[in-house]
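**Student:** Below is structure-v6.txt; it holds compact mmCIF, C-alpha atoms.
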```txt
# COMPACT_ATOMS: atom_id res chain seq x y z
CA MET I 1 133.27 42.02 46.08
CA ASN I 2 135.00 39.22 47.99
CA LYS I 3 134.31 35.53 48.48
CA ILE I 4 134.82 34.34 52.06
CA GLU I 5 135.50 30.62 52.60
CA THR I 6 132.91 28.71 54.62
CA GLY I 7 134.63 25.33 54.81
CA ILE I 8 131.67 23.72 53.03
CA ASP I 9 131.93 23.09 49.29
CA GLY I 10 129.35 25.10 47.31
CA LEU I 11 128.32 27.26 50.27
CA VAL I 12 129.47 30.78 49.39
CA LEU I 13 129.74 33.79 51.70
CA VAL I 14 129.94 37.07 49.79
CA GLN I 15 131.10 40.47 51.00
CA PRO I 16 129.74 42.86 48.34
CA SER I 17 131.53 46.09 47.55
CA VAL I 18 129.81 48.93 49.39
CA PHE I 19 130.23 52.54 48.32
CA SER I 20 129.43 54.91 51.20
CA ASP I 21 129.36 58.66 51.58
CA ALA I 22 127.48 61.28 53.58
CA ARG I 23 124.24 60.39 51.74
CA GLY I 24 124.33 56.71 52.71
CA PHE I 25 125.58 53.77 50.65
CA PHE I 26 125.22 51.92 47.36
CA LEU I 27 125.85 48.25 46.67
CA GLU I 28 125.08 45.82 43.88
CA SER I 29 123.09 43.05 45.55
CA PHE I 30 123.32 40.80 42.50
CA GLN I 31 125.00 40.85 39.10
CA LEU I 32 124.88 37.59 37.14
CA GLU I 33 128.41 37.46 35.70
CA ARG I 34 130.16 38.59 38.91
CA TYR I 35 128.25 36.11 41.03
CA LYS I 36 128.87 33.28 38.55
CA SER I 37 132.61 33.96 38.92
CA LEU I 38 132.20 33.24 42.66
CA GLY I 39 130.47 29.89 41.98
CA ILE I 40 126.93 31.14 42.47
CA THR I 41 125.03 29.41 39.71
CA GLY I 42 121.45 28.72 38.81
CA GLU I 43 118.73 30.98 37.54
CA PHE I 44 116.91 32.91 40.25
CA VAL I 45 113.15 32.72 39.72
CA GLN I 46 111.63 34.08 42.95
CA ASP I 47 112.51 36.69 45.59
CA ASN I 48 111.12 36.61 49.14
CA ILE I 49 111.19 39.10 52.02
CA SER I 50 110.30 38.45 55.65
CA LYS I 51 110.07 40.79 58.62
CA SER I 52 110.62 39.37 62.09
CA THR I 53 111.29 40.52 65.63
CA LYS I 54 113.93 39.54 68.18
CA GLY I 55 113.82 35.89 69.24
CA ILE I 56 112.00 34.64 66.14
CA LEU I 57 113.49 31.49 64.64
CA ARG I 58 112.53 30.34 61.13
CA GLY I 59 113.63 26.94 59.83
CA LEU I 60 115.12 24.57 59.10
CA HIS I 61 113.47 24.40 55.67
CA PHE I 62 114.31 22.72 52.37
CA GLN I 63 112.51 21.45 49.27
CA ILE I 64 112.94 18.02 47.74
CA GLY I 65 113.38 16.57 44.26
CA ASN I 66 113.23 18.80 41.21
CA MET I 67 111.88 21.62 43.39
CA ALA I 68 115.05 21.86 45.53
CA GLN I 69 116.03 25.50 45.96
CA GLY I 70 119.30 27.35 45.97
CA LYS I 71 119.08 30.60 47.97
CA LEU I 72 121.02 33.86 48.03
CA CYS I 73 120.31 35.39 51.44
CA GLN I 74 120.88 38.86 52.84
CA VAL I 75 119.56 41.13 55.57
CA ILE I 76 118.21 44.54 54.57
CA SER I 77 117.99 45.83 58.16
CA GLY I 78 118.71 44.34 61.56
CA GLU I 79 120.72 41.18 62.31
CA VAL I 80 120.09 37.48 61.93
CA LEU I 81 122.13 34.39 62.56
CA ASP I 82 121.80 32.57 59.23
CA VAL I 83 122.21 28.77 59.28
CA ALA I 84 122.81 26.29 56.45
CA VAL I 85 122.86 22.49 56.97
CA ASP I 86 124.51 20.25 54.36
CA LEU I 87 122.01 17.56 53.28
CA ARG I 88 124.16 16.19 50.43
CA VAL I 89 124.71 12.53 51.20
CA GLY I 90 128.32 11.67 50.34
CA SER I 91 129.57 15.19 51.03
CA PRO I 92 132.46 15.34 53.54
CA THR I 93 130.40 17.95 55.45
CA TYR I 94 127.09 16.01 55.33
CA GLY I 95 125.03 16.80 58.44
CA LYS I 96 127.25 19.73 59.41
CA TYR I 97 126.04 23.28 59.71
CA PHE I 98 127.53 26.68 58.99
CA SER I 99 126.28 29.84 60.66
CA VAL I 100 127.06 33.49 60.06
CA LEU I 101 125.75 36.83 61.27
CA LEU I 102 124.12 38.68 58.37
CA SER I 103 123.14 42.28 58.99
CA GLY I 104 122.08 45.49 57.36
CA GLU I 105 125.43 46.86 58.54
CA ASN I 106 127.85 44.17 57.29
CA HIS I 107 125.93 43.58 54.00
CA LYS I 108 127.19 39.98 53.78
CA GLN I 109 125.28 37.48 51.65
CA LEU I 110 125.13 33.70 51.98
CA PHE I 111 124.49 31.46 48.96
CA LEU I 112 123.18 27.97 49.66
CA PRO I 113 123.00 25.70 46.63
CA ALA I 114 120.23 23.09 46.37
CA GLY I 115 120.92 20.37 48.91
CA PHE I 116 120.96 22.51 52.05
CA ALA I 117 118.40 23.16 54.78
CA HIS I 118 118.09 26.81 55.78
CA GLY I 119 116.99 28.76 58.81
CA PHE I 120 117.71 31.91 60.78
CA SER I 121 117.25 33.44 64.22
CA VAL I 122 116.67 37.16 64.71
CA GLN I 123 119.31 38.77 66.91
CA SER I 124 118.17 42.43 66.68
CA ASP I 125 114.90 44.05 67.76
CA GLU I 126 113.64 43.68 64.19
CA ALA I 127 115.05 42.30 60.95
CA ILE I 128 114.09 42.41 57.29
CA PHE I 129 115.44 39.35 55.49
CA HIS I 130 115.63 39.02 51.69
CA TYR I 131 116.43 35.92 49.67
CA LYS I 132 116.50 34.96 46.02
CA CYS I 133 115.51 31.39 45.08
CA THR I 134 116.51 29.19 42.15
CA GLN I 135 113.18 27.33 42.26
CA TYR I 136 109.59 28.30 42.98
CA TYR I 137 108.08 27.64 46.41
CA SER I 138 106.17 24.36 46.52
CA LYS I 139 104.27 23.41 49.67
CA GLU I 140 104.09 19.84 48.38
CA HIS I 141 107.91 19.60 48.19
CA GLU I 142 108.77 21.51 51.36
CA ARG I 143 110.17 19.70 54.38
CA THR I 144 111.19 20.94 57.82
CA ILE I 145 113.92 19.65 60.10
CA LEU I 146 113.31 20.29 63.80
CA TYR I 147 115.31 23.38 64.71
CA SER I 148 116.33 21.80 68.03
CA ASP I 149 117.39 18.47 66.51
CA PRO I 150 119.96 16.89 68.87
CA THR I 151 121.98 15.36 66.02
CA LEU I 152 122.61 18.77 64.42
CA ASN I 153 122.92 20.64 67.72
CA VAL I 154 122.65 24.08 66.09
CA ASP I 155 123.59 27.00 68.36
CA TRP I 156 120.93 29.57 67.41
CA GLN I 157 122.33 32.13 69.90
CA ILE I 158 118.90 32.85 71.40
CA ASP I 159 117.08 31.51 74.46
CA SER I 160 113.47 30.29 74.16
CA PRO I 161 113.02 30.95 70.42
CA LEU I 162 109.60 31.83 69.04
CA VAL I 163 108.76 29.40 66.23
CA SER I 164 105.80 28.62 64.02
CA GLU I 165 103.69 25.52 64.63
CA ARG I 166 105.18 23.97 61.49
CA ASP I 167 108.75 24.57 62.69
CA ALA I 168 107.92 23.28 66.20
CA GLN I 169 106.71 20.05 64.59
CA GLY I 170 109.69 19.62 62.28
CA LEU I 171 111.05 16.12 61.90
CA GLU I 172 114.37 14.88 63.21
CA PHE I 173 117.32 14.92 60.85
CA LYS I 174 117.69 11.11 60.89
CA THR I 175 114.04 10.50 59.91
CA LEU I 176 114.29 12.82 56.91
CA GLU I 177 117.41 11.24 55.38
CA LYS I 178 115.40 9.58 52.60
CA TYR I 179 114.75 13.07 51.17
CA PHE I 180 118.37 14.20 51.11
CA TYR I 181 120.50 14.72 48.04
CA TYR I 182 122.96 12.18 46.71
CA GLN I 183 126.06 13.51 45.00
```
Represent the supplied structure as C-alpha cells.

**Tutor:**
Amino acid sequence: MNKIETGIDGLVLVQPSVFSDARGFFLESFQLERYKSLGITGEFVQDNISKSTKGILRGLHFQIGNMAQGKLCQVISGEVLDVAVDLRVGSPTYGKYFSVLLSGENHKQLFLPAGFAHGFSVQSDEAIFHYKCTQYYSKEHERTILYSDPTLNVDWQIDSPLVSERDAQGLEFKTLEKYFYYQ
C-alpha cells in the first residue's frame, strides 16, 4: 500500500496493494491500523454505494457542523473523475480542488477529511462507486455547491453533464462561505 501526495494537507490518495493471478485479484480495501499510518483517521460509521452511467455528475456535496463527513472513496467498476474541494478557511489550499481518476482497474482510493466538498463525474459507460463516511448522512446538515461554480472552475472532463435537480440548484462557493470550516 502506498500513499500518493495530493498537494493538499489531509487529502490522501492511496494505492492499495493488489494481489492478482489467473483467478482475478484480492485487495484489502480498508484496515484500521494501516490506514491510520497514512493519516486516515476517524471512525467510519456508514458505507454508501452508487451506480451511475456515463455523463452523470454528482456533487459538490458536504455536511456542516458536527455532522461534517470524512470520506474514503473508491470505484468498484468503471471510471470516475473524483473531485475534492478544500473548504477549510485558513488552509493554504482553501478554495482549491484536487481531481483524480478512480477506477475498478487502478484501485486507487481518495480520503477526504471533514472540511471538503466532494463530487464525481462518470467517465465510463457505467460506474459503481463506494465510499465510507465518518459521520451519518443528515439531510438537515447537507449543503451543495454548484458544480459549475465559476470561482472553482472545476474541469469535470465531460460535456453537458447530467445532474440532479438538487445539484443543478447548488449555491455558489462565495455564498456558502459561512458554512465552511475554520482551522

**Student:** Counting all atoms listed in the file, which of I:Gln123, I:Gln109, I:Thr144, I:Ser29 gets nearest to Ile4 in chain I?

**Tutor:**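 Once distances to Ile4 in chain I are computed over all atoms listed in the file, the minimum belongs to I:Gln109.
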
**Student:** Using all atoms listed in the file, can you tell me which of I:Arg23, I:Arg58, I:His130, I:Lys3 comes closest to Lys71 in chain I?

**Tutor:**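 The shortest atom-to-atom distance to Lys71 in chain I comes from I:His130.
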
**Student:** Got a sec: who's within 12 Å of Leu13 in chain I, counting all atoms listed in the file, leaving out chain neighbours fewer than 5 positions off, as a PDB file with C-alpha atoms, in the coordinates of the input?

**Tutor:**
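What landed in out.pdb:
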```pdb
ATOM      1  CA  MET I   1     133.270  42.020  46.080  1.00  0.00           C
ATOM      2  CA  ASN I   2     135.000  39.220  47.990  1.00  0.00           C
ATOM      3  CA  LYS I   3     134.310  35.530  48.480  1.00  0.00           C
ATOM      4  CA  ILE I   4     134.820  34.340  52.060  1.00  0.00           C
ATOM      5  CA  GLU I   5     135.500  30.620  52.600  1.00  0.00           C
ATOM      6  CA  THR I   6     132.910  28.710  54.620  1.00  0.00           C
ATOM      7  CA  GLY I   7     134.630  25.330  54.810  1.00  0.00           C
ATOM      8  CA  ILE I   8     131.670  23.720  53.030  1.00  0.00           C
ATOM      9  CA  TYR I  35     128.250  36.110  41.030  1.00  0.00           C
ATOM     10  CA  LEU I  38     132.200  33.240  42.660  1.00  0.00           C
ATOM     11  CA  GLY I  39     130.470  29.890  41.980  1.00  0.00           C
ATOM     12  CA  ILE I  40     126.930  31.140  42.470  1.00  0.00           C
ATOM     13  CA  LYS I  71     119.080  30.600  47.970  1.00  0.00           C
ATOM     14  CA  LEU I  72     121.020  33.860  48.030  1.00  0.00           C
ATOM     15  CA  CYS I  73     120.310  35.390  51.440  1.00  0.00           C
ATOM     16  CA  GLN I  74     120.880  38.860  52.840  1.00  0.00           C
ATOM     17  CA  ASP I  82     121.800  32.570  59.230  1.00  0.00           C
ATOM     18  CA  VAL I  83     122.210  28.770  59.280  1.00  0.00           C
ATOM     19  CA  ALA I  84     122.810  26.290  56.450  1.00  0.00           C
ATOM     20  CA  PHE I  98     127.530  26.680  58.990  1.00  0.00           C
ATOM     21  CA  SER I  99     126.280  29.840  60.660  1.00  0.00           C
ATOM     22  CA  VAL I 100     127.060  33.490  60.060  1.00  0.00           C
ATOM     23  CA  LEU I 101     125.750  36.830  61.270  1.00  0.00           C
ATOM     24  CA  LEU I 102     124.120  38.680  58.370  1.00  0.00           C
ATOM     25  CA  ASN I 106     127.850  44.170  57.290  1.00  0.00           C
ATOM     26  CA  HIS I 107     125.930  43.580  54.000  1.00  0.00           C
ATOM     27  CA  LYS I 108     127.190  39.980  53.780  1.00  0.00           C
ATOM     28  CA  GLN I 109     125.280  37.480  51.650  1.00  0.00           C
ATOM     29  CA  LEU I 110     125.130  33.700  51.980  1.00  0.00           C
ATOM     30  CA  PHE I 111     124.490  31.460  48.960  1.00  0.00           C
ATOM     31  CA  LEU I 112     123.180  27.970  49.660  1.00  0.00           C
ATOM     32  CA  PRO I 113     123.000  25.700  46.630  1.00  0.00           C
TER      33      PRO I 113
END
```

**Student:** With distances taken over all atoms listed in the file, which residue among I:Gln46, I:Gly104, I:Phe116, I:Glu126 lies nearest Phe25 in chain I?

**Tutor:**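 Closest residue, counting all atoms listed in the file: I:Gly104.
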
**Student:** Using CA of Phe173 in chain I and CA of Ile145 in chain I as the two end points, give the distance in Å to one decimal.

**Tutor:**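 Separation of CA of Phe173 in chain I and CA of Ile145 in chain I: 5.9 Å.
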
**Student:** Please measure the separation of CA of Ser164 in chain I and CA of Leu60 in chain I, giving the value in Å to one decimal.

**Tutor:** 11.3 Å

**Student:** Mind pulling up the distance from CA of Val80 in chain I to CA of Lys178 in chain I?

**Tutor:**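 Going from CA of Lys178 in chain I over to CA of Val80 in chain I, I get 29.8 Å.
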